[in-house]
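*Asks:* Sharing a structure below in structure tokens format, with a few things to ask.
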2 protein chains.
Amino acid sequence: MVPPELDEGLPLEKVKDFSLEELLGMAIKAEIGARKFYQSLAERIEVESLKEKIEWLAGEEGKHEALLRKMYESMFPGKGVFFPKEHIGPELKPVARELHSAQDIIELIRWAMRAEEIAAHFYEEIEKIVETDDRKRLMRYLSDMEKGHYYTLRAEYELLLDWEMYSQMMHVGP
Amino acid sequence: MVPPELDEGLPLEKVKDFSLEELLGMAIKAEIGARKFYQSLAERIEVESLKEKIEWLAGEEGKHEALLRKMYESMFPGKGVFFPKEHIGPELKPVARELHSAQDIIELIRWAMRAEEIAAHFYEEIEKIVETDDRKRLMRYLSDMEKGHYYTLRAEYELLLDWEMYSQMMHVGP
């Protein structure tokens with residue numbers, strides 16, 4: 001079951017139905033959503049090492065938003081960002097409910113992995129559309145960063161499945 | 001040309017020539033080497049956003065060392081860690097020289113990517129050897145984390161290749 005923090009969105013093939021301006025608007029919106037999701041998730045997590053990792057992800061998404069806004073401004077100078085109501089791929093939303101168990105956290109991390117994985121592919125699709133080398137490069141950067149997030153989350157996910165071990169291992173000092 | 005910060009080491013197939021105790025000793029040594037490499041590299045980098053990312057990697061490797069030491073202690077209680085002189089895959093060493101150009105940094109990041117990629121495979125090999133579920137899980141955790149590092153580095157590498165763009169994009173505020 002898809003949780004309230006994830007909006008499934010359109011499949012990747014729909015990229016071709018939108019203009020670059022719209023796609024960038026979607027990307028910026030997705031980064032904002034991801035940042036708020038991770039921030040709200042971190043607030044609900046007590047295990048310090050995991051909280052820190054999720055806060056780190058929130059900060060990263062904030063930086064991506066800034067990079068995308070800068071690119072948007074260079075391509076559409078003076079225009080405010082246009083946010084289409086549709087979006088490609090899953091979109092993360094803030095966690096507004098109490099999380100009652102490790103299982104709740106595990107489920108959300110699993111969905112976040114899915115969102116990160118598809119975000120990586122979304123940037124690869126935009127890379128094909130933008131024309132200059134520097135913009136292609138920036139899309140590859142964002143795609144690789146999201147892949148990095150995916151593996152970081154997958155690592156935590158795998159260990160969280162054995163909660164007893166997780167809490168034992170994660171109380172090690174630096 | 002292999003830089004002084006990278007010791008090539010033995011190919012992955014050699015894993016079978018060593019005991020688990022030796023392999024864990026190699027893994028701990030590699031994490032220590034990677035931490036010192038990233039710390040010394042961060043000290044030599046002036047671009048704040050890149051410096052922070054490299055410092056973050058150093059901190060992560062420090063945590064991996066602690067996890068591995070905990071596992072080692074649980075498997076070989078009371079024994080000090082045995083560090084074999086050989087090691088599997090590339091081993092990173094501290095950066096002891098001045099870096100004169102962006103190109104020097106780019107080269108080191110490329111080698112670090114290689115070391116992270118092979119470290120991920122090294123942990124996959126150890127996963128096959130350890131017998132209990134919790135230890136297999138920990139090896140998958142470490143393997144995925146190193147894959148995450150690989151993509152994080154690849155993202156930076158890709159953008160660093162266009163230094164003018166990098167310095168321009170990376171001065172964006174949060």
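Every chain in the structure tokens takes a letter, A first, then B, and so on in the order presented; its residues are numbered from 1, and the ligands are numbered from 1 following the presented order.
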Within 6 Å of chain A, which residues belong to chain B? Use only C-alpha atoms and report them as a PyMOL selection string.
*Replies:* chain B and resi 63+141+144-145+148+151-152+155+174
*Asks:* Report as an NGL selection string all protein, DNA and RNA residues lying within 9 Å of Met26 (chain B), evaluated on only C-alpha atoms, omitting residues in the same chain fewer than 2 positions from it.
*Replies:* :B and (21-24 or 28-31 or 82-88)
*Asks:* Using DSSP on the backbone, list every residue of region 22-151 of chain A that comes out as alpha helix (DSSP H), and give them as a ChimeraX atom specification.
*Replies:* /A:22-43,48-75,102-129,133-151
